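Asker: Just so it is clear, I am handing over query.pdb, which has PDB, C-alpha atoms.
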ATOM      1  CA  MET A 233     -38.749  -9.215 -24.780
ATOM      2  CA  LEU A 234     -36.114 -11.914 -25.235
ATOM      3  CA  ASN A 235     -34.210  -9.820 -27.744
ATOM      4  CA  THR A 236     -34.203  -6.844 -25.383
ATOM      5  CA  PHE A 237     -32.988  -8.968 -22.471
ATOM      6  CA  TRP A 238     -30.097 -10.395 -24.538
ATOM      7  CA  ASP A 239     -29.246  -6.910 -25.780
ATOM      8  CA  PHE A 240     -29.084  -5.794 -22.158
ATOM      9  CA  LEU A 241     -26.760  -8.689 -21.262
ATOM     10  CA  VAL A 242     -24.469  -7.879 -24.205
ATOM     11  CA  TRP A 243     -24.457  -4.221 -23.221
ATOM     12  CA  LEU A 244     -23.671  -5.218 -19.612
ATOM     13  CA  PHE A 245     -20.784  -7.404 -20.786
ATOM     14  CA  TRP A 246     -19.241  -4.613 -22.865
ATOM     15  CA  PHE A 247     -19.712  -2.147 -20.019
ATOM     16  CA  TYR A 248     -17.860  -4.537 -17.717
ATOM     17  CA  ILE A 249     -15.030  -4.860 -20.264
ATOM     18  CA  LEU A 250     -14.833  -1.062 -20.531
ATOM     19  CA  ILE A 251     -14.594  -0.618 -16.739
ATOM     20  CA  ALA A 252     -11.973  -3.394 -16.501
ATOM     21  CA  CYS A 253      -9.865  -1.748 -19.235
ATOM     22  CA  ILE A 254     -10.058   1.651 -17.580
ATOM     23  CA  TRP A 255      -9.092   0.053 -14.242
ATOM     24  CA  ILE A 256      -6.082  -1.657 -15.849
ATOM     25  CA  PHE A 257      -4.939   1.553 -17.574
ATOM     26  CA  ILE A 258      -5.176   3.557 -14.355
ATOM     27  CA  THR A 259      -3.345   0.841 -12.396
ATOM     28  CA  VAL A 260      -0.558   0.697 -14.982
ATOM     29  CA  ILE A 261      -0.156   4.492 -15.052
ATOM     30  CA  ILE A 262      -0.052   4.640 -11.245
ATOM     31  CA  ASP A 263       2.557   1.876 -11.194
ATOM     32  CA  ILE A 264       4.671   3.654 -13.819
ATOM     33  CA  PHE A 265       4.908   6.760 -11.658
ATOM     34  CA  ARG A 266       5.327   4.749  -8.440
ATOM     35  CA  ASP A 267       8.299   2.767  -9.796
ATOM     36  CA  ARG A 268      11.560   4.299  -8.593
ATOM     37  CA  THR A 269      13.710   2.125 -10.858
ATOM     38  CA  LEU A 270      12.416   3.827 -14.008
ATOM     39  CA  ASN A 271      13.957   7.149 -14.934
ATOM     40  CA  GLY A 272      11.932  10.064 -16.284
ATOM     41  CA  TRP A 273      12.474   9.189 -19.933
ATOM     42  CA  ALA A 274      11.364   5.604 -19.460
ATOM     43  CA  LYS A 275       8.239   6.791 -17.661
ATOM     44  CA  ALA A 276       7.498   9.267 -20.449
ATOM     45  CA  LEU A 277       7.936   6.557 -23.093
ATOM     46  CA  TRP A 278       5.632   4.130 -21.272
ATOM     47  CA  VAL A 279       2.944   6.832 -20.915
ATOM     48  CA  LEU A 280       3.316   7.804 -24.582
ATOM     49  CA  PHE A 281       3.049   4.143 -25.558
ATOM     50  CA  LEU A 282      -0.089   3.835 -23.397
ATOM     51  CA  VAL A 283      -1.652   6.869 -25.063
ATOM     52  CA  LEU A 284      -0.841   5.800 -28.631
ATOM     53  CA  LEU A 285      -1.534   2.062 -28.363
ATOM     54  CA  PRO A 286      -3.362   1.602 -25.064
ATOM     55  CA  PHE A 287      -4.304  -2.085 -25.212
ATOM     56  CA  LEU A 288      -1.000  -3.291 -26.627
ATOM     57  CA  ALA A 289       1.007  -1.123 -24.228
ATOM     58  CA  ALA A 290      -0.994  -2.287 -21.197
ATOM     59  CA  PHE A 291      -0.571  -5.947 -22.132
ATOM     60  CA  ILE A 292       3.158  -5.524 -22.764
ATOM     61  CA  TYR A 293       3.602  -3.646 -19.492
ATOM     62  CA  LEU A 294       1.740  -6.344 -17.556
ATOM     63  CA  ILE A 295       3.824  -9.087 -19.174
ATOM     64  CA  VAL A 296       7.202  -7.351 -18.860
ATOM     65  CA  ARG A 297       6.807  -5.591 -15.522
ATOM     66  CA  GLY A 298       3.931  -7.504 -13.904
ATOM     67  CA  ARG A 299       6.074  -9.265 -11.307
ATOM     68  CA  SER A 300       7.747  -6.065 -10.099
ATOM     69  CA  MET A 301       4.346  -4.383 -10.182
ATOM     70  CA  GLY A 302       3.023  -7.001  -7.779
ATOM     71  CA  GLU A 303       6.099  -6.726  -5.556
ATOM     72  CA  ARG A 304       5.709  -2.946  -5.317
ATOM     73  CA  SER A 305       2.029  -3.310  -4.507
ATOM     74  CA  ALA A 306       2.769  -5.906  -1.822
ATOM     75  CA  ALA A 307       5.520  -3.729  -0.323
ATOM     76  CA  ILE A 308       3.181  -0.740  -0.122
ATOM     77  CA  ALA A 309       0.461  -2.860   1.503
ATOM     78  CA  GLN A 310       2.976  -4.282   3.982
ATOM     79  CA  GLN A 311       4.231  -0.796   4.839
ATOM     80  CA  ALA A 312       0.678   0.448   5.361
ATOM     81  CA  GLN A 313      -0.064  -2.545   7.589
ATOM     82  CA  ALA A 314       3.081  -1.901   9.657
ATOM     83  CA  GLU A 315       2.201   1.789  10.045
ATOM     84  CA  ASN A 316      -1.332   0.834  11.094
ATOM     85  CA  ALA A 317      -0.016  -1.651  13.653
ATOM     86  CA  GLU A 318       2.415   0.944  15.022
ATOM     87  CA  TYR A 319      -0.391   3.479  15.329
ATOM     88  CA  ILE A 320      -2.576   0.973  17.163
ATOM     89  CA  ARG A 321       0.286   0.133  19.535
ATOM     90  CA  SER A 322       0.917   3.823  20.231
ATOM     91  CA  VAL A 323      -2.759   4.505  20.925
ATOM     92  CA  ALA A 324      -3.310   1.372  22.989
ATOM     93  CA  GLY A 325      -0.183   1.980  25.055
ATOM     94  CA  GLY A 326      -1.191   5.528  25.897
ATOM     95  CA  GLY A 327       1.600   6.982  23.788
ATOM     96  CA  GLY A 328       4.432   5.649  25.944
ATOM     97  CA  SER A 329       5.556   2.726  28.009
ATOM     98  CA  SER A 330       3.633   1.637  31.065
ATOM     99  CA  ALA A 331       4.660   2.501  34.611
ATOM    100  CA  ALA A 332       5.518  -1.131  35.320
ATOM    101  CA  ALA A 333       7.863  -1.247  32.330
ATOM    102  CA  GLU A 334       9.581   1.972  33.404
ATOM    103  CA  ILE A 335       9.991   0.695  36.961
ATOM    104  CA  GLU A 336      11.378  -2.583  35.620
ATOM    105  CA  LYS A 337      13.944  -0.701  33.503
ATOM    106  CA  SER A 338      14.868   1.418  36.501
ATOM    107  CA  LYS A 339      15.274  -1.728  38.644
ATOM    108  CA  GLN A 340      17.606  -3.221  36.033
ATOM    109  CA  LEU A 341      19.660  -0.023  36.084
ATOM    110  CA  LEU A 342      19.778  -0.177  39.885
ATOM    111  CA  ASP A 343      20.841  -3.838  39.844
ATOM    112  CA  SER A 344      23.577  -3.111  37.316
ATOM    113  CA  GLY A 345      24.881  -0.245  39.452
ATOM    114  CA  ALA A 346      24.161   2.444  36.866
ATOM    115  CA  ILE A 347      21.944   4.402  39.293
ATOM    116  CA  THR A 348      21.720   4.750  43.055
ATOM    117  CA  GLN A 349      18.858   3.730  45.350
ATOM    118  CA  ALA A 350      17.757   7.386  45.628
ATOM    119  CA  GLU A 351      17.690   7.765  41.825
ATOM    120  CA  PHE A 352      15.696   4.529  41.567
ATOM    121  CA  GLU A 353      13.134   5.832  44.068
ATOM    122  CA  ALA A 354      12.852   9.125  42.121
ATOM    123  CA  LEU A 355      12.341   7.283  38.821
ATOM    124  CA  LYS A 356       9.806   4.975  40.448
ATOM    125  CA  ALA A 357       7.850   7.934  41.883
ATOM    126  CA  LYS A 358       7.913   9.683  38.503
ATOM    127  CA  ALA A 359       6.660   6.552  36.702
ATOM    128  CA  LEU A 360       3.843   6.127  39.187
ATOM    129  CA  GLN A 361       2.826   9.787  38.843
ATOM    130  CA  THR A 362       2.592   9.649  35.051
ATOM    131  CA  SER A 363       0.415   6.519  35.025
TER     132      SER A 363
END
Translate the structure described by the file into structure tokens.
Answerer:
Amino acid sequence: MLNTFWDFLVWLFWFYILIACIWIFITVIIDIFRDRTLNGWAKALWVLFLVLLPFLAAFIYLIVRGRSMGERSAAIAQQAQAENAEYIRSVAGGGGSSAAAEIEKSKQLLDSGAITQAEFEALKAKALQTS
């Protein structure tokens, strides 16, 4: 029983190593094609290097281009977070500005002399209708 349990642990360790290697290879290949600073030939050479000598190529790529790989990943995450925040703001705000904000803008235009009192009243009525 003890031998079987240790065999299972060794098998589990090697399975974990295999999954980690596959994950690294996929991440490196995705980053190669995501990188806009590499031209087509450089991308083709990195992929060829990964196919011919996968472990060596992955380690070299992570050493040489690891920092820019992290920066690209952080930039993509930041962009996704900004898009998510913008979507939440658009949904929470009802797709546009509130009636109070529109009336406030109209009042500022009236105070600056850009619109007349009648135009202000029309804008105010329109803002109140849409809310």
Asker: Which neighbours of range 269-279 of chain A fall inside 12 Å, counting only C-alpha atoms, when residues of the same chain fewer than 3 positions from it are skipped, and could you give them as a count of residues only?
Answerer: 26
Asker: Draw an axis-aligned box over all listed atoms of range 341-353 of chain A, pad each side with 5 Å, and write its centre and edge lengths in Å, one decimal, as AutoDock Vina command-line options.
Answerer:
--center_x 19.0 --center_y 2.0 --center_z 40.9 --size_x 21.7 --size_y 21.6 --size_z 19.5
Asker: With all atoms listed in the file as the atoms that count, which of A:Ile335, A:Ile254, A:Leu280, A:Ile295 lies nearest to Leu360 in chain A?
Answerer: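 Nearest to Leu360 in chain A: A:Ile335.
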Asker: Check the smallest atom-to-atom distance from each of A:Thr348, A:Leu244, A:Asp267, A:Ala359 to Ser305 in chain A using all atoms listed in the file, then report the winner.
Answerer: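 Between A:Thr348, A:Leu244, A:Asp267, A:Ala359, the residue approaching Ser305 in chain A most closely is A:Asp267.
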Asker: Which residues are close to Gln361 in chain A, i.e. within 10 Å by only C-alpha atoms, leaving aside same-chain residues fewer than 5 positions away? Reply as a compact mmCIF listing (two decimals) with C-alpha atoms, in the frame of the given file.
Answerer:
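File produced: selection-v5.txt:
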# COMPACT_ATOMS: atom_id res chain seq x y z
CA ALA A 331 4.66 2.50 34.61
CA LEU A 355 12.34 7.28 38.82
CA LYS A 356 9.81 4.97 40.45
Asker: Work out how far apart CA of Glu353 in chain A and CA of Ala332 in chain A are and give it in Å to one decimal.
Answerer: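 We find that CA of Glu353 in chain A and CA of Ala332 in chain A lie 13.5 Å from each other.
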Asker: How far is it from CA of Glu334 in chain A to CA of Lys358 in chain A, in Å with one decimal?
Answerer: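 Taking CA of Glu334 in chain A and CA of Lys358 in chain A, their separation equals 9.4 Å.
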Asker: To one decimal place in Å, what is the distance between CA of Ala309 in chain A and CA of Arg268 in chain A?
Answerer: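 Those two atoms sit 16.6 Å apart.
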